[in-house]
Structures are given as C-alpha cells and as structure tokens.
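J.: Let me begin by handing over the structure; questions about it come next.
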There are 2 protein chains.
Amino acid sequence: MNQDYIKPDNWSIIEEGFDVERVKSSESLFSIGNGAMGQRANFEEMYSGQTFQGSYIAGVYYPDKTRVGWWKNGYPEYFAKVLNAPNWIGINVKINGEELNLHTCTAVKDFRRELNMKEGWYQRSFTAILKNEIEVKVKSTRFLSLDLDEVGVIKYEVTPVNQDANIVFTSYLDSGITNEDSNWDDKFWDTYDVAHKEHSAYILSKTMKTEFHVCTGMLNQIFLDDTAEEILPVVDSNETFVGLSYEVNAPKNTTASLVKYAGYTVSLNHKKEDLASASKTVLKQASESGFDSLLDLQKKAWSRIWEMADIVIEGDVKAQQGIRFNIFQLNQTYLGKDARLNIGPKGFTGEKYGGSTYWDTEAYCIPFYMATKDQHVARSLLTYRYNHLEKAIENAKKLGFDNGAALYPMVTMNGEECHNEWEITFEEIHRNGAMTFAIYNYVRYTGDYNYIPEKGLEVMIGIARFWHQRATFSTDKNKYVILGVTGPNEYENNINNNWYTNYLAKWCIEYCVEHLKKVEEEYASDHKRIIEKTKLTQKEVEEMLVVAEKMYFPYSEKHQVYLQQDGFLDKELITVSNLDASQRPINQKWSWDRILRSPYIKQADTLQGFYMFEDHFTKEELERHFDFYEPFTVHESSLSPCVHSIQAASLDRMEQAYTFYLRTSRLDLDDYNKEVEEGLHITSMAGTWMSIVEGFGGLRIKNDTLFFTPRIPKEWKGYSFNVNFRNQILKVNVSQEGTSFNLEGDQELLIVVDNKEVKITPNHLVTV
Amino acid sequence: MNQDYIKPDNWSIIEEGFDVERVKSSESLFSIGNGAMGQRANFEEMYSGQTFQGSYIAGVYYPDKTRVGWWKNGYPEYFAKVLNAPNWIGINVKINGEELNLHTCTAVKDFRRELNMKEGWYQRSFTAILKNEIEVKVKSTRFLSLDLDEVGVIKYEVTPVNQDANIVFTSYLDSGITNEDSNWDDKFWDTYDVAHKEHSAYILSKTMKTEFHVCTGMLNQIFLDDTAEEILPVVDSNETFVGLSYEVNAPKNTTASLVKYAGYTVSLNHKKEDLASASKTVLKQASESGFDSLLDLQKKAWSRIWEMADIVIEGDVKAQQGIRFNIFQLNQTYLGKDARLNIGPKGFTGEKYGGSTYWDTEAYCIPFYMATKDQHVARSLLTYRYNHLEKAIENAKKLGFDNGAALYPMVTMNGEECHNEWEITFEEIHRNGAMTFAIYNYVRYTGDYNYIPEKGLEVMIGIARFWHQRATFSTDKNKYVILGVTGPNEYENNINNNWYTNYLAKWCIEYCVEHLKKVEEEYASDHKRIIEKTKLTQKEVEEMLVVAEKMYFPYSEKHQVYLQQDGFLDKELITVSNLDASQRPINQKWSWDRILRSPYIKQADTLQGFYMFEDHFTKEELERHFDFYEPFTVHESSLSPCVHSIQAASLDRMEQAYTFYLRTSRLDLDDYNKEVEEGLHITSMAGTWMSIVEGFGGLRIKNDTLFFTPRIPKEWKGYSFNVNFRNQILKVNVSQEGTSFNLEGDQELLIVVDNKEVKITPNHLVTV
C-alpha cells in the first residue's frame with residue numbers, strides 16, 4: 001500500500017487532518033454519484049492549491065481529435081472523452097472581506113471528511129483561522145439524490161468562533177471549464193444562455209460536435225441558525241458564469257448557512273427546449289422538500305440498495321470498509337436504470353481512459369449486477385453490446401476483416417473505438433471473446449436462454465467470424481496460430497499465440513456453433529431470421545470448426561504449463577519478490593521496452609483463462625499454473641488481485657487469498673498503484689465482490705444449480721452476503737463454525753455445499 | 001512506379017504541361033539547396049491551389065512538444081522538428097490589375113520546369129491567359145548560390161504577348177509561416193524586427209525556445225528588356241511581413257523583370273546583433289556581381305562537384321538521369337563544410353521525420369562521401385556522433401542502462417532523441433550498431449586508424465556496454481537473447497532475437513574489444529586516458545565477451561537460413577508476387593496489426609547484415625538468404641532496393657540488380673512509394689550510388705586494397721565513376737567490352753580486379 005490515512009470504520013470513509021498532498025487523492029476517494037451524475041470531492045469554496053476538478057454527467061461525452069505520434073491506418077479519427085461538466089458545486093466565501101481559501105489561510109484545524117456509505121452523503125468540516133484573524137468553523141454536507149437524480153444538494157455552514165463575521169456566500173455555476181487531460185486548447189462546451197432570477201440561475205450549454213445540451217441550474221436558500229433569511233443576492237455573470245452573492249452578518253457563535261440545490265437536466269432525457277424549465281421544476285421540487293427531507297429519502301434509498309447488496313464482515317474493520325466502499329462506488333456509478341449507459345473504469349471519479357465501456361463490464365461487472373440486482377440489469381448490459389453490433393462489424397472492416405466479422409472496440413461510448421494505441425486498439429482483441437463469455441455467463445446464471453436466439457447468437461456469430469479470419473495457418477506448426485496480439489497482460493505487446501486469446505478464440509467458435517445447432521433445433525424461426533441476416537453458410541461453419549480444432553497452444557513440457565505466449569521462457573525469470581521495491585510500480589519507473597522484455601505480468605492472463613474456464617482444468621493444473629505465473633505478477637492493473645484471490649481460495653491458500661482480497665478491496669483506499677488521484681478503479685470493484693462471493697464463498701453455477709465451498713479467512717469472525725438467484729434471494733452467512741443459508745421467495749432451492757446437496761426451504765435457516 | 005511525367009534527360013529534370021495534381025510532387029522534385037539552406041519548388045507568385053510551402057535553414061530546428069496517445073516513461077519531452085523558415089521567394093504579380101494565379105487564370109500553356117543539375121539552377125516558364133484576357137509569358141529562374149551560401153537569386157520575367165501590360169511586382173519576405181506537420185497551433189517563430197530601405201528589406205526573427213536568430217533579407221532590381229529601371233517601391237509591411245511593390249508599364253512583347261537577391265543570415269554563423277548588417281553586406285555583394293555573374297560562378301562550382309562525383313551511364317537516359325538526380329540532391333543537402341550539420345532523410349525538401357540525423361548517415365551515406373569528397377568530410381560525420389556521446393549515455397540512462405552504456409537516438413538534431421513511438425524510440429536499437437560499423441568502415445576505407453584512439457574507441461565502448469546490458473540470458477536456450485526489438489524491417493515491432501540486431505550486437509562487442517587491445521598495445525597514452533575516462537574494467541570486458549560468444553541466432557534447419565526473428569516461420573508465407581497490387585503499398589492500405597503479422601519486409605533486414613558483413617558468409621549462404629527473404633520484401637523503405645541491387649549483382653543476377661537499381665535511383669522521380677509530395681528520400685540516394693559503385697562496379701576494400709568485380713547491365717553501353725581512395729582519384733570506366741582504370745595522383749596503386757591483382761600507374765590507362 002502507498003497511503004494509510006483513511007480511518008478504519010465499518011460504514012464511513014473518514015479523513016482527519018488537512019494535508020495539501022492528499023487533496024487530489026481525497027477528491028477521488030470521497031467522490032459521490034447517483035448513476036446519472038457524479039462529482040469529485042472538490043471543495044465548494046475557492047482553493048488555490050493542487051486540485052483536480054471533476055463533475056460528470058452519465059452518457060455525455062465529446063469526440064476529441066485522435067492525435068498520435070505517428071498515424072496508423074485504422075485509427076479512429078475521433079474518440080469519445082469523458083467530459084468535465086459545468087461546475088455546480090461552487091460556493092465562494094468571503095469572511096470579513098477575506099476569501100476563504102484553505103491553501104492560504106493562517107491555520108486549518110480539525111479538518112475532517114466523511115463519506116457516509118450507509119446513507120449516501122459526504123461531509124467536510126474544519127476550523128480555519130484567516131489572515132484577518134477571524135476563526136470560523138465550516139461544515140459542508142452534500143449528496144446526489146438517488147430519488148431526484150438530476151439534483152445535488154449542498155448545505156454549507158459557517159460559524160464564526162472568535163468574533164462577529166460579515167460573510168458573503170457566492171454560489172455560482174461555471175461552464176468555462178476544461179478537461180485536465182486536454183492536450184489541446186479545444187473547448188468542449190459551447191455556452192449559449194446564462195440567466196438568473198431571484199435565488200435561481202441556470203446556464204445552458206452544449207457539448208461541441210456531439211451536441212448534448214445541458215442545463216446546469218441552481219437554487220439557493222440562506223439560513224441564520226436554521227432560520228431562513230430573505231436576502232437579495234447580488235448577481236455577477238458573464239458568458240460562462242453566473243454567481244449569486246449573499247451577504248450575511250453572523251454574530252459570534254451563530255451559524256450562517258447556504259443550502260444549494262443544483263444539478264443538470266440533459267437532452268438525453270428532455271427535449272432541449274425544455275431543459276431550463278425542467279431544471280427549474282426539479283429544483284423547485286427539491287427546495288420545497290428541503291435539505292432534511294431529501295436527506296431522509298437518500299438514506300432510505302441507500303438502505304434499499306444495501307439490503308440486497310451489502311456484504312457484512314465481522315471482526316475486520318478494514319476488510320469491511322473495503323468491501324462496502326467497493327459496493328457503494330459500483331452503485332454510485334451504475335444502477336441499471338438506463339440501457340444507454342455502462343460502467344466506466346473510473347465511473348464518475350476521473351477522466352482517465354476516455355469512453356465508458358471496456359471489456360471490464362463483461363468480464364468483471366456482470367456477476368455483481370446479476371447477483372445484486374434484478375435480472376434485467378445484466379440483460380440490459382448485454383443488450384448494450386447487441387445494439388453496437390453493426391459498429392463492431394464496421395470496426396472489423398477498418399482492420400481488413402469482412403463478411404460480418406465483428407470486433408468490439410477496446411473502449412467505447414457509442415460503439416465506436418475510442419482507443420488510439422495500435423498495440424491496444426488493433427491487437428488487444430481478446431476483448432471480443434469477453435462478449436461471448438458474458439452471454440454464456442448470463443445464461444448460465446439466469447437461465448434466460450431466450451437471450452441467445454433473440455440477440456446473443458448474432459453477436460456470437462460476428463465474433464466467431466472474427467476469430468476464424470484472424471487466425472492464420474502456420475505450415476511450420478501445422479496448426480492455426482494467432483499472431484500479433486496483446487493479451488490481458490498489457491505488459492506484453494504484439495506477441496504471438498497468447499494462450500488466453502487462443503483459448504478464448506477456440507471456445508468462442510465452438511460455443512457459437514453449439515448454440516447455432518441448439519437454436520436451429522429449438523428456435524427454428526429465430527434461426528431462419530439469423531441465417532438470413534448473417535448469411536452464415538454451412539461451409540463457413542465447418543471452416544471455423546477446423547480453426548478451433550487445430551488451434552495452437554504454447555506449452556512447456558518442462559514446466560508442464562501453458563505458456564502465456566510464444567517465447568515466454570526466454571525471459572529472465574526473476575520473480576517479483578526479487579525485484580527491488582524502489583522499482584515499483586514498474587509502469588511508473590521503467591521505460592516501456594524494459595517492461596515488455598521483463599517477465600512481469602500486469603494482470604492475470606493465463607490465470608484469467610483458468611478463472612473463466614475453471615471446469616476445463618483440474619485443480620492440479622490450476623495449482624501448477626498459479627505457482628508458475630503468480631510470482632511474476634505485479635498486479636499493476638486493478639483487475640488482477642481479485643482473480644488471484646479467488647484462485648488462491650479455491651486452492652485452500654487462505655492467507656494468500658486474504659492478502660489479495662485486501663489488495664483488491666482497498667486498492668484505492670490504500671492507493672496500491674499510486675494513482676488514486678486520477679480517479680477510482682470502479683470496474684475492478686466488482687472483482688472485489690467476486691473475491692468474497694466466488695472466492696471465499698466459493699459460489700459457482702453448474703447445471704442450473706448454485707454450488708458453494710465456503711471458506712473464511714482466519715482474521716474474520718464471519719461474513720455474509722446475498723445472491724439473487726433466479727428471482728429468489730439467498731442469504732449466506734459464513735462463520736468460523738459453519739455456514740447458514742436463508743432463502744427468501746416461495747420455491748425450494750437445491751444447492752450444493754462442499755459437494756453435498758442441500759435443500760433450502762424458503763424462510764428456514766439451514767446451517768451446514 | 002506511380003508517376004511518369006519527368007522527361008528523360010541526361011542532365012536535367014524536366015516537367016512539361018501544367019497539372020494541379022502534380023504541383024506538390026514537383027515542389028519536392030525540383031527542390032534546390034546549397035548545404036546551408038534549401039527551398040522547395042514553390043511558385044514565387046500567389047497560388048491558391050494545393051501546395052506545400054517549404055524553406056529550410058541547415059541546423060535551425062524547433063523542440064516541439066512530444067504528444068502521444070499514451071505517455072510512456074523515457075519518451076523525450078521535446079523533439080527537434082525541421083522548421084519551415086521565413087519565406088524569401090515570394091513575388092506576387094498583378095497584371096492589369098489582376099493577380100497572377102495559375103490556379104484561377106483562364107489558361108496555362110507551355111508550362112515547363114527544368115532543374116538543371118549540371119549547372120545548379122531551376123527554371124519555370126509558362127504562358128498564362130488571365131481572366132482579363134491578357135496573355136503573358138513568364139519565366140522564373142532561381143538558384144541557391146554555392147559561393148555565397150547565404151544567398152538565393154531569382155530572376156522573374158514577365159512578357160505581355162497580346163497587349164501592353166501594367167505590371168506590379170510585389171517582392172516580399174514573410175515570417176508568419178507555419179509547419180505543415182504542425183498538429184498544434186504553436187507558433188515556432190517570433191519576429192522582432194521588420195525593416196526596409198529603398199530596394200532592400202529584412203525581417204529579424206528567432207525560433208522559440210531554441211532561439212536561433214535569423215535575418216531574412218532581400219534586395220530587388222527591376223529591368224525592362226534588360227535595362228535597369230529606377231522605380232521607387234511602395235511598401236506594405238506588418239509584424240511578420242514586408243513587401244516592396246514595383247509598378248512597371250511593359251508594352252507588348254517587352255520583358256519586365258524583377259531580380260531578387262535574398263536569403264538568410266543565421267546566428268549559428270554570426271553574432272545575433274550583426275545579422276542585419278551581415279545580410280545587407282552579402283546581398284549588396286551579390287547584387288553588385290549581378291545575376292549573370294553569380295550564375296556563372298554557380299555553374300563553375302557545380303562543375304567542380306561533378307568532376308569528382310559524377311557517374312556517367314551511356315545508353316540509358318533514365319538510369320543516367322536517376323543517378324545524377326541522386327548525386328545532385330546529396331550535394332545540395334550536405335557538402336561537409338560544417339561539422340554541426342548532418343544529412344536529413346528529407347534534406348531540404350520536406351518536414352517529415354523531424355530531426356536531421358538517422359542511422360542512414362552511418363549505414364548509407366558515409367561511403368558516398370568518403371569516395372567523392374575529401375576524407376575529412378567522413379571524419380566530420382563520425383565526429384558528429386563523438387560529440388553526441390554524452391547525450392547518448394544520458395539517453396541510455398533514461399531507459400534504465402548505466403555505467404556509461406550509450407544508446408544513440410533514433411533521430412536527432414542535437415544529440416537528444418527526437419522520436420516518440422515506443423517501438424522505434426526504445427526498441428529500434430540496431431541503430432546503435434551502425435555507429436560502430438561506420439567507424440570500422442571509415443578506417444577500412446581511409447586507413448585513418450588514428451580516429452579510433454582519438455575518438456572512436458570511446459563511442460565503441462559506450463555501445464558495447466549497451467549491448468552487454470541489453471542482452472539477457474535465457475536459461476531455456478542457454479544463450480544470450482535480445483528481446484523486444486524492432487529491426488531495420490520496421491514492419492515488425494517488439495520482436496525477439498532479430499538476427500540482424502543480435503549479429504550486430506555480438507560484432508560490436510568483439511570489434512570494440514579487439515581495438516581496445518590494439519590501442520592498448522599501440523597507443524598506450526590514449527588507452528590510459530580512455531580507461532580513466534570510461535572506468536572500463538577487465539571484468540566488464542570479459543563479461544561482455546561472454547555475451548558476444550553466447551549470443552543466440554534464430555536459425556531454420558529446414559530452410560538453412562537465419563530467421564529474421566523468432567517465430568518468423570509461423571507467418572503465412574505468401575510472397576509479394578501473390579499479393580494483389582491493390583493492396584500496395586501496404587503501409588497505406590493495411591492496418592498496422594495486419595502489416596505486423598504479415599511476412600512482408602519493409603526493407604532489407606537479415607540481408608542488411610549480409611551486406612554489411614559480406615565476408616562472414618559464403619556466396620551460397622547469401623544466395624539462400626536472398627532467395628528466402630527477397631520474395632517477401634515490399635521495399636516500402638527507400639533504403640531497401642539499393643542493398644538488394646548490390647546483392648543481386650554480386651550473385652550475377654544482373655536483370656534483378658538492374659530492376660532494383662532503377663527503383664532506387666528513380667524512387668522519387670517515379671514516386672514508387674506514393675509519397676514524393678512530402679519530400680525526397682535523400683539518404684537513400686547514397687544507396688543508389690552504392691548500387692552502381694559497389695553493386696555493378698563490385699568495389700570492396702579488403703586489407704587496405706581496392707577490389708573490383710565489374711559487371712554491366714545489358715541495357716547499358718558503359719558507365720564510369722570515380723573514387724577518391726586515400727587521396728588519389730581512381731577513374732573507373734566499365735563497358736560491355738571491359739573495364740579501364742585511370743589514376744590521378746603520384747603513387748602506384750595495386751588493385752584487385754576479378755580476383756586478379758592489377759598494378760595501376762598514375763595517369764596511365766589500364767584496361768582489364
């Protein structure tokens with residue numbers, strides 16, 4: 001770990017003490033979101049120190065120009081970029097004529113942040129002594145409403161401690177913002193109206209090119225010791241800014257507060273000509289409810305989420321805090337309400353990566369959403385890719401494939417590729433396999449086979465065609481090979497015969513053909529429609545199968561392991577434990593060539609395949625591969641430790657599993673990879689959930705049946721989680737003594753625990 | 001070939017007829033240069049069609065910000081960019097009130113360009129009918145003086161044909177120029193003074209950051225039918241522009257002309273406060289000499305160059321034109337006068353590639369300059385790298401090497417790396433070997449062994465250390481391997497054990513150690529100094545030798561060839577002849593991944609090694625490797641056909657050698673690679689010279705002796721060339737009947753022709 005300042009707490013993320021060096025890190029960690037919008041924990045008031053401003057609106061992006069060192073054919077001309085949206089949180093504060101600014105004031109005492117995950121709010125409090133010697137206590141509480149998801153609420157309180165104060169609150173909106181990752185001076189927002197009336201104001205702006213129209217609105221209330229004050233604001237506005245300034249005289253020990261209802265209405269959900277009135281309506285509704293009652297609703301809404309999604313860990317506060325932080329952030333990012341959205345790797349906490357959708361969704365996030373939400377949420381995530389199939393076919397065409405072969409983009413917002421490094425964009429093609437795997441995984445879990453004839457099979461055919469065309473025949477090996485790829489381990493580029501990629505390719509073809517047959521037999525009219533649409537011929541199917549059958553897999557007889565890629569054994573096989581700590585993370589210390597020729601693995605690669613296709617291998621094979629690859633794995637991808645944790649658990653190596661668990665669950669809290677400033681690792685948080693449920697709980701689905709092999713780290717007294725399995729909720733409680741199951745619903749459920757069948761009757765606790 | 005509009009001519013490059021589609025191509029082909037400055041063949045007068053403006057000053061560059069898709073550790077923060085310099089050629093022309101503009105006028109007849117290579121001038125002539133119905137003949141002649149290398153001269157003549165004309169010439173200077181390759185809006189020039197007096201004007205500007213100060217100056221003269229006219233100009237100027245307008249009334253069939261003396265004085269050669277007066281002085285000197293007498297000097301200067309450098313081909317105009325074009329351009333680019341300069345791949349004809357110095361200089365250009373100039377020119381090119389040794393050591397440090405290991409940059413202007421693609425910058429490390437090879441080659445040719453103890457050995461040690469550290473030990477192979485490189489064939493990236501790289505690495509170490517011993521024995525004080533400076537230990541030397549001795553070389557027993565890299569035989573080995581023409585050049589048609597996994601070779605790679613170390617292999621081995629690799633070679637690098645031509649000749653495959661010769665010598669004239677618009681391929685032109693001298697002539701140096709194996713293409717009657725060998729000039733004349741030698745100098749020379757010793761006495765023709 002690289003930082004340790006977050007106070008352990010079961011339900012809250014807490015920081016105490018002000019440290020300018022931690023500001024950007026905490027801005028990420030204390031981010032809030034409600035699925036529709038998100039906000040980094042930037043200060044409301046002016047701050048002249050280092051900060052990374054970020055306000056984000058789900059689904060609003062900008063197609064930035066692709067600029068690279070040397071252009072390659074096939075690069076996307078534009079790529080979608082996560083946009084920093086107009087600032088709605090700003091409240092500048094002048095006290096006795098001096099600007100409140102934590103970077104320049106004389107002293108900051110009792111600085112504290114709390115992100116209350118149970119109730120869904122964020123609070124910051126501190127006492128500041130200004131240069132003019134006034135001492136003030138400040139408390140700011142804010143949340144993004146889950147009920148009114150176009151509204152954020154801030155209560156900003158100032159209490160003078162040592163003298164009376166003249167306080168001027170300037171609550172403002174600002175659309176003159178930029179992206180931190182903007183390499184160029186292009187502006188992304190075009191502001192076309194700034195207006196105000198009484199205590200309200202709005203800014204209408206639209207994104208350039210994509211023309212998402214957004215109304216950023218606010219409505220302010222002023223209180224003195226909880227009594228509403230009728231103060232007329234002074235207005236300051238320009239082309240991209242509107243501020244309403246309220247002057248309040250607060251005697252010593254009274255509290256002046258500004259409550260700000262603000263947020264976005266967006267043309268994704270309203271007609272653009274209605275945005276201002278929609279904003280006005282929703283802010284009026286919010287202000288009429290008032291801060292307290294909205295906060296009550298917020299607590300209830302989060303309580304409903306936790307009821308289903310919570311994992312309780314007894315006897316280990318840091319582990320408990322970690323898993324709740326992960327579950328909380330996943331729910332802040334994506335609630336499954338809108339089929340146009342997906343789960344960005346940084347959610348609403350940073351700009352990095354651009355685009356919103358990686359293979360992370362299919363490989364890591366779907367199990368979490370399947371088990372903790374209604375089934376339609378996962379189906380909606382699959383449909384997102386179905387809706388992008390035509391674009392995936394176009395994308396493959398750009399790279400020289402034809403006949404309906406589909407290559408899903410590495411990163412996307414609207415189906416188009418958003419990445420622009422050849423070794424990723426063109427070569428990290430294993431992502432394509434994750435799309436088929438997600439369909440398989442979804443059907444396995446939900447039993448909703450209909451998805452395949454309805455939508456899935458077309459996707460599977462496009463992908464199988466891609467693998468068929470992408471493999472080439474090696475006369476030398478008398479096998480099909482897949483040359484020039486980047487595997488999940490991105491610390492290798494342009495390698496040949498990445499075992500994971502080859503294995504997935506073979507499996508995708510075989511799975512597709514298997515279900516082609518099943519659909520032909522059982523869903524004849526769907527089959528007819530699909531064949532007509534895809535023009536798939538029997539000859540093509542047979543050729544595909546030859547490629548699958550004759551696929552090459554690099555293997556070491558000496559080590560009895562599949563090799564991550566051709567030539568892996570030529571490396572200097574020095575384990576991570578022999579690597580000096582000063583050299584890590586290697587992605588921040590080493591030049592790229594050095595990383596590439598090293599044996600170090602960024603994230604599970606061969607082991608990722610063993611995770612996904614566990615049943616294809618024996619426990620001994622898993623153990624051998626784990627022992628071979630784990631010592632070279634640096635886990636510099638957030639997606640790595642969870643897979644290792646699950647596998648260590650299944651190998652009964654609970655100490656190792658626990659270490660990996662802590663690393664995955666507290667990756668951001670403890671900033672293992674020295675980059676939390678840039679935002680949180682949202683998608684890998686679903687991996688953390690898997691580490692407990694699949695790793696420690698040992699949950700598997702085989703033959704429409706839930707299997708468990710419960711294990712528990714020795715550090716824990718117990719843990720419990722819920723899974724929604726085919727519309728019944730099973731509560732699982734594991735302690736050092738045993739495991740108990742409690743089923744909600746109306747049907748009996750036969751499960752398998754430690755290889756023994758157990759019948760669970762609804763509402764009867766069963767202990768094993 | 002992709003174009004065929006250049007008229008065959010022994011001494012001139014000629015275009016006839018105006019075609020807007022050819023303008024940019026001709027702007028490259030008709031470029032002029034004098035080693036100190038260069039100018040694309042842009043029109044003097046206003047042209048609203050597609051054009052690529054380019055004026056360049058030797059040694060003047062700008063460190064542009066490196067911007068890439070995804071930053072990698074070790075990238076240079078800035079990279080030197082060839083700068084488009086202030087425009088000095090501009091002469092706008094208004095005729096009876098209408099702007100002369102070949103893109104908009106009613107008709108263009110008799111358009112003709114000629115680049116007279118024998119005499120070193122460029123002329124453009126045409127007849128234009130303007131919209132106002134006046135018909136004018138225009139002739140513009142220009143050259144960059146070799147004698148006054150800060151001066152360019154233009155004579156711009158207009159003759160009205162069908163009516164009297166009122167002509168306004170606006171001769172101007174303009175520093176408000178940009179780079180075509182500028183991805184960003186940064187300005188590269190800062191103009192700080194614009195002044196004029198009578199018929200003269202100047203602009204003082206400096207490059208940003210690098211602060212090269214440049215005075216762009218001009219002095220104009222007006223003539224009517226060769227009679228000087230005293231017309232006062234009207235001045236138009238702004239912050240980055242100054243124009244002097246002359247109004248001339250030219251009756252029908254009289255010729256109004258403007259003679260413009262202009263050019264640059266640069267702070268590389270003058271104190272910056274003296275630039276304007278230096279400019280004034282040199283332009284005054286030029287104008288007092290006058291156009292005709294400067295042109296006479298120009299003819300004489302070129303005559304001296306040709307005397308030594310010319311290659312005469314009888315019976316094949318296109319081949320003759322090709323080789324002269326190559327020799328001419330090389331001499332326009334680099335004359336060996338200034339040790340700070342080098343030979344840019346595009347010379348003074350375009351911006352592409354940035355920086356000026358590639359490994360092309362060491363691998364391709366040095367032989368040409370050794371044989372056609374004084375020995376000091378090649379020594380100066382070697383010294384250029386010696387002077388950059390510290391920077392090369394710093395560069396290696398950035399990539400994690402230590403202890404004095406040196407990695408020369410892929411591209412440079414001042415010793416710093418200018419490239420920013422990881423697969424090139426960090427991985428195309430074979431360039432390092434070319435530095436040592438050039439030293440070996442220089443000493444072999446000139447016999448100037450002193451260069452090694454004086455300067456070369458330090459460079460060789462830094463390079464040997466790099467290879468020592470860069471190789472890693474493969475337990476699996478029980479050999480040293482070099483992983484993750486890009487070979488000369490840039491259509492492979494991040495490959496393992498590129499045979500050429502491994503071979504060069506081994507050789508560099510061994511050559512270095514061999515000469516360490518020799519210097520220790522024969523130059524003890526130099527040895528002491530070098531050991532003290534480099535802190536080289538015997539232990540390190542021994543370790544190096546182990547790496548060299550145990551170096552791994554991929555080899556196919558089946559094909560009995562060294563493999564270009566590990567895994568080459570896994571590719572679909574479909575030869576270029578089976579590749580549809582519509583797919584070529586593949587670098588313009590295919591996405592990068594497809595190129596990488598294909599077997600296609602951009603330029604000689606394994607064969608490059610066979611070229612450089614010919615004596616290490618048997619003829620049978622060469623033939624086997626040539627037959628294996630040549631069919632996969634697409635020659636999409638300009639540096640490829642020459643090596644193949646030389647090898648085909650040495651294998652007695654004269655038809656093939658001749659085809660490759662035409663391709664290399666007319667690469668730009670016939671635009672084989674569809675990119676001549678961007679500029680000429682200057683460095684490969686030295687390869688063309690090698691194709692004749694080393695290929696057809698069979699020149700080799702062994703044991704301080706010249707060897708020849710003369711061959712002649714059946715298409716030719718004869719050819720002749722000169723080589724300066726150790727300060728004596730040997731003229732070689734090859735015909736279908738035999739070869740004759742004529743030696744200038746005062747010492748007898750023993751040469752070997754077709755494996756027989758021949759004694760050549762000065763000034764006695766010897767025919768073999």
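Every chain in the structure tokens takes a letter, A first, then B, and so on in the order presented; its residues are numbered from 1, and the ligands are numbered from 1 following the presented order.
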Can you work out which residues from chain A touch chain B at a cut-off of 9 Å (counting only C-alpha atoms) and hand them back as number ranges by chain?
T.: A: 66-70, 72-75, 183-185, 398-400, 419-423, 426-427, 472-477, 481-485, 492-496, 566-567, 569-573, 587-594, 596-598
J.: Set the distance at 9 Å and use only C-alpha atoms: which residues neighbour Arg465 of chain A once local chain neighbours fewer than 2 positions away are removed? I'd like the list as a list of chain:residue names.
T.: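 What passes the distance filter is A:Asp402, A:Asn403, A:Gly404, A:Ala405, A:Ala406, A:Met460, A:Ile461, A:Gly462, A:Ile463, A:Trp467, A:His468, A:Gln469, A:Arg470, A:Ile509, A:Glu540, A:Val541, A:Met544.
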J.: Report as a CSV table (one decimal) with C-alpha atoms, in the first residue's frame all protein, DNA and RNA residues lying within 7 Å of Asp225 of chain B, evaluated on only C-alpha atoms, omitting residues in the same chain fewer than 4 positions from it.
T.:
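So result_18.csv came out as:
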chain,number,residue,atom,x,y,z
B,254,THR,CA,8.8,43.7,-73.9
B,255,THR,CA,10.0,41.9,-70.8
B,256,ALA,CA,9.7,43.3,-67.4
J.: Kindly indicate which residue among A:Ala686, A:Leu699, A:Ala36, A:Ala378 lies nearest to Val443 of chain A, using only C-alpha atoms for the distances.
T.: A:Ala378
J.: Give me the residues near Lys759 of chain B as a list in words, where near means some atom within 9 Å (using only C-alpha atoms) and where sequence neighbours in that chain fewer than 2 positions away do not count.
T.: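 Near neighbours after the sequence-gap exclusion: Glu748, Leu749, Leu750, Ile751, Val752, Glu757, Thr761 and Val766 of chain B.
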J.: Would you mind writing down, as a ChimeraX atom specification, each residue of segment 290-534 of chain B that DSSP on the backbone assigns to strand (DSSP E or B)?
T.: /B:312-314,357,412,472-474,479-481,485,495
J.: Hey, can you spit out that residue selection with C-alpha atoms as a compact mmCIF listing (two decimals), in the first residue's frame?
T.:
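Result written to part_1.txt:
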# COMPACT_ATOMS: atom_id res chain seq x y z
CA VAL B 312 28.24 8.63 -66.40
CA ILE B 313 25.94 6.00 -67.85
CA GLU B 314 25.90 5.50 -71.57
CA THR B 357 20.18 12.54 -38.37
CA THR B 412 18.33 13.71 -33.57
CA THR B 472 19.57 -11.11 -21.29
CA PHE B 473 20.32 -14.71 -20.53
CA SER B 474 17.74 -17.30 -21.48
CA LYS B 479 22.16 -18.41 -24.72
CA TYR B 480 22.04 -14.66 -24.55
CA VAL B 481 18.96 -13.29 -26.23
CA VAL B 485 13.35 -5.01 -30.54
CA ILE B 495 10.17 -8.99 -31.71
J.: In segment 553-700 of chain B, what's alpha helix (DSSP H) per DSSP? Answer as number ranges by chain?
T.: B: 586-589, 592-597, 606-612, 619-629, 641-650, 654-665, 682-690
J.: Tell me which protein, DNA and RNA residues are within 6 Å of segment 301-310 of chain A, counting only C-alpha atoms, leaving out same-chain ones fewer than 2 positions away, and put them as an MDAnalysis selection string.
T.: chainID A and resid 119 298:299 372
J.: Take the selection from the previous step and output its residues with N, CA, C and O atoms, as a short mmCIF file (atom, residue, chain, number, x, y, z; two decimals), in the first residue's frame.
T.:
data_model
loop_
_atom_site.label_atom_id
_atom_site.label_comp_id
_atom_site.auth_asym_id
_atom_site.auth_seq_id
_atom_site.Cartn_x
_atom_site.Cartn_y
_atom_site.Cartn_z
N GLU A 119 -25.62 5.91 4.22
CA GLU A 119 -26.69 6.87 3.97
C GLU A 119 -26.49 7.69 2.69
O GLU A 119 -27.37 8.44 2.29
N GLN A 298 -32.76 10.03 0.82
CA GLN A 298 -31.47 9.48 0.40
C GLN A 298 -31.08 8.28 1.27
O GLN A 298 -30.68 7.23 0.77
N LYS A 299 -31.26 8.44 2.56
CA LYS A 299 -30.92 7.35 3.48
C LYS A 299 -31.76 6.12 3.18
O LYS A 299 -31.29 4.98 3.17
N THR A 372 -26.88 -8.98 -7.47
CA THR A 372 -27.37 -7.97 -6.52
C THR A 372 -28.48 -7.08 -7.08
O THR A 372 -28.94 -6.18 -6.39
#
J.: With a distance cut-off of 10 Å and only C-alpha atoms, select the neighbouring residues of segment 317-325 of chain A, excluding the residue or stretch itself and same-chain residues fewer than 6 positions from it, and output the selection as a PyMOL selection string.
T.: chain A and resi 6-13+29+115-118+306+309-311+331+658+661-670+685-686+688-689+691-692+715-716+719
J.: How many Å separate atom CA of Glu630 of chain B from atom CA of Pro585 of chain B?
T.: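 These two atoms are separated by 16.2 Å.
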J.: Rank nothing, just name the residue among A:Ser257, A:Leu204, A:Asn269, A:Phe632 nearest to Glu239 of chain A, using only C-alpha atoms.
T.: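 That would be A:Leu204, the residue with the smallest distance to Glu239 of chain A.
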J.: As an exercise, work out the distance from atom CA of Lys702 of chain A to atom CA of Leu389 of chain A in Å and give it to one decimal place.
T.: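 These atoms are spaced 29.1 Å apart.
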J.: Would you mind listing what lies within 7 Å of Asn722 of chain B as a PyMOL selection string, with only C-alpha atoms counted and same-chain residues fewer than 2 positions away left out?
T.: chain B and resi 308-309+724+729-732
J.: Can you spit out the residues from that selection as a PDB file, in the first residue's frame, using C-alpha atoms?
T.:
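Final file, again.pdb:
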ATOM      1  CA  MET B 308      34.608  14.206 -58.736  1.00  0.00           C
ATOM      2  CA  ALA B 309      31.134  12.860 -58.060  1.00  0.00           C
ATOM      3  CA  ASN B 724      38.862   9.076 -54.003  1.00  0.00           C
ATOM      4  CA  ILE B 729      41.429   9.620 -57.563  1.00  0.00           C
ATOM      5  CA  LEU B 730      40.753   6.469 -59.482  1.00  0.00           C
ATOM      6  CA  LYS B 731      38.514   6.741 -62.515  1.00  0.00           C
ATOM      7  CA  VAL B 732      36.760   3.549 -63.415  1.00  0.00           C
TER       8      VAL B 732
END
